[in-house]
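**Q** Attaching a single structure in structure tokens format; questions to follow.
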Amino acid sequence: MKAIEITSFGAPDVLRLAERPVPLAGPGELRIRVTASGINRPDVLQRLGLYPVPPGASDIPGLEVAGVIDQGDAGELAAAGLQLGDRVCALVTGGGYAQWCVAPIGQCLPVPAGLTDVEAASLPETFFTVWSNLMDRGHLVAGETVLIQGGTSGIGVTAIQLAKALGARVFATAGSDEKCAACLALGADAAINYKTHDFQTEVARLTDGQGVDVILDMVAGDYVAREVQSLREDGRLVIIAVQGGTKSEFNAGLVLRRRLTVTGSTLRPRPVAFKAAIAQACLKSVWPMLASGQIKPVIHSVFDAVEAARAHALMETNQHVGKIVLTWEKA
């Protein structure tokens with residue numbers, strides 16, 4: 001099969017089309033003939049040598065795919081209500097940039113009704129991550145207020161829509177007025193241009209000084225101090241990436257007095273059972289909203305797989321709104 005390899009750590013042009021053996025599904029697994037592969041920030045970090053591959057995972061990048069089941073553990077497939085020929089999307093620990101990909105059956109979900117494979121390939125990494133962190137760790141509930149940093153990223157466009165659909169008041173940050181407008185169009189109640197306004201000041205203004213209940217943060221670094229200041233009593237800060245650095249200083253006294261929670265997680269190294277539980281939660285609570293159109297995938301660009309380097313270069317410009325996806329039709 002054809003696959004995209006990281007030939008060495010470095011710039012996007014280290015991504016090259018290569019020939020690899022077609023993988024075989026083992027116990028508890030299925031194999032997907034891939035039609036589309038989602039691109040995510042961890043793929044870029046892996047290419048740069050900043051995100052080591054978990055033990056046992058494929059060195060081929062790619063954490064989410066969509067396509068057709070063409071092989072699998074018959075008993076486990078039947079138990080999951082799946083069969084050969086079904087269209088599915090899957091969260092994987094690697095190997096997604098390839099024409100075939102093996103995935104644990106528990107991490108696979110049917111393509112929501114009415115969606116294309118390109119749209120389906122944009123779902124697993126972002127929806128699993130947002131559900132796990134915003135709902136399970138952040139405990140966001142209807143009526144609360146959430147601040148989403150990076151509102152036009154793949155995670156951001158998902159978090160805005162999902163939080164709004166669940167009845168939250170949603171603020172988002174973005175790096176331009178055009179991106180702020182995109183956040184508002186997706187349902188955000190307010191959007192803050194972090195290049196022209198201080199988000200801490202704006203959160204205080206928008207909440208009459210009370211602060212927000214939950215913050216979903218992909219920056220960390222010096223953002224953490226301002227985020228702690230921006231939380232109301234019993235607020236929760238959930239960190240899912242450290243694009244601004246791993247070192248943070250903040251007022252621990254506020255954490256005590258306001259009973260704040262500072263938490264975070266990464267999804268890739270978690271066990272299959274953990275991810276399978278998230279998959280079932282998404283199938284029950286999110287997939288119906290995707291099928292009805294209440295929540296929609298946001299696709300910024302689609303590239304042929306052979307243009308993976310161009311796709312990564314686009315992601316690194318931070319100019320995209322939503323997801324970037326590879327397709328395998330012309331590989």
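Labels used: A, B, ... for chains in the order of the structure tokens, numbers from 1 for residues in each chain, and numbers from 1 for ligands as shown.
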Sort by chain and increasing residue number a table of all residues of region 22-98 of chain A within 12 Å of region 150-164 of chain A, each with its closest pair of atoms and their distance in Å to one decimal, counting only C-alpha atoms, and write it as a Markdown table.

**A**
```
| residue | atom | partner | partner_atom | distance |
| --- | --- | --- | --- | --- |
| A:Gly38 | CA | A:Gly154 | CA | 10.0 |
| A:Ile39 | CA | A:Gly154 | CA | 9.2 |
| A:Asn40 | CA | A:Gly154 | CA | 7.6 |
| A:Arg41 | CA | A:Gly154 | CA | 8.9 |
| A:Pro42 | CA | A:Gly154 | CA | 11.8 |
```

**Q** Mind dumping the selected residues with N, CA and C atoms as an mmCIF file, in the first residue's frame?

**A**
```cif
data_model
loop_
_atom_site.group_PDB
_atom_site.id
_atom_site.type_symbol
_atom_site.label_atom_id
_atom_site.label_comp_id
_atom_site.auth_asym_id
_atom_site.auth_seq_id
_atom_site.Cartn_x
_atom_site.Cartn_y
_atom_site.Cartn_z
ATOM 1 N N GLY A 38 -7.713 12.505 8.493
ATOM 2 C CA GLY A 38 -7.685 13.832 9.102
ATOM 3 C C GLY A 38 -6.280 14.216 9.525
ATOM 4 N N ILE A 39 -5.986 15.510 9.469
ATOM 5 C CA ILE A 39 -4.696 16.045 9.911
ATOM 6 C C ILE A 39 -4.920 16.807 11.212
ATOM 7 N N ASN A 40 -4.025 16.592 12.158
ATOM 8 C CA ASN A 40 -4.132 17.230 13.464
ATOM 9 C C ASN A 40 -2.784 17.767 13.910
ATOM 10 N N ARG A 41 -2.817 18.693 14.861
ATOM 11 C CA ARG A 41 -1.583 19.303 15.353
ATOM 12 C C ARG A 41 -0.576 18.275 15.878
ATOM 13 N N PRO A 42 -1.004 17.200 16.565
ATOM 14 C CA PRO A 42 -0.019 16.200 16.987
ATOM 15 C C PRO A 42 0.769 15.582 15.830
#
```

**Q** Any idea what's packed within 7 Å of region 12-21 of chain A, counting only C-alpha atoms, ignoring anything in its chain fewer than 4 positions away? Could you give it as a VMD selection string?

**A** chain A and resid 1 to 8 306 308 to 309 312 to 313

**Q** Calculated over only C-alpha atoms, which of the candidates A:Ser265, A:Gln243, A:Thr93, A:Ser285 has the smallest distance to Glu316 (chain A)?

**A**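 Once distances to Glu316 (chain A) are computed over only C-alpha atoms, the minimum belongs to A:Gln243.
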
**Q** Restricting the calculation to only C-alpha atoms, which member of A:Val146, A:Ala36, A:Leu109, A:Ala66 is positioned closest to Gly81 (chain A)?

**A**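 Ranked by minimum distance to Gly81 (chain A), first place goes to A:Leu109.
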
**Q** So that I can check the secondary structure, give me every residue of region 41-91 of chain A assigned strand (DSSP E) by backbone DSSP, as a list of chain:residue names.

**A** A:Glu64, A:Val65, A:Ala66, A:Gly67, A:Val68, A:Ile69, A:Asp70, A:Gln71, A:Gly72, A:Arg87, A:Val88, A:Cys89, A:Ala90, A:Leu91

**Q** Can you list, as a list in words, all residues belonging to region 42-106 of chain A that DSSP tags as alpha helix (DSSP H)?

**A** Pro42, Asp43, Val44, Leu45, Gln46, Arg47, Ala74, Gly75, Glu76, Leu77, Ala78 and Ala79 of chain A

**Q** Residues at most 9 Å from region 215-226 of chain A, counting only C-alpha atoms, excluding those fewer than 3 positions away in the same chain, as a PyMOL selection string?

**A** chain A and resi 130+133-134+138+145-150+156+159+199-200+212+229-231+235-251+264
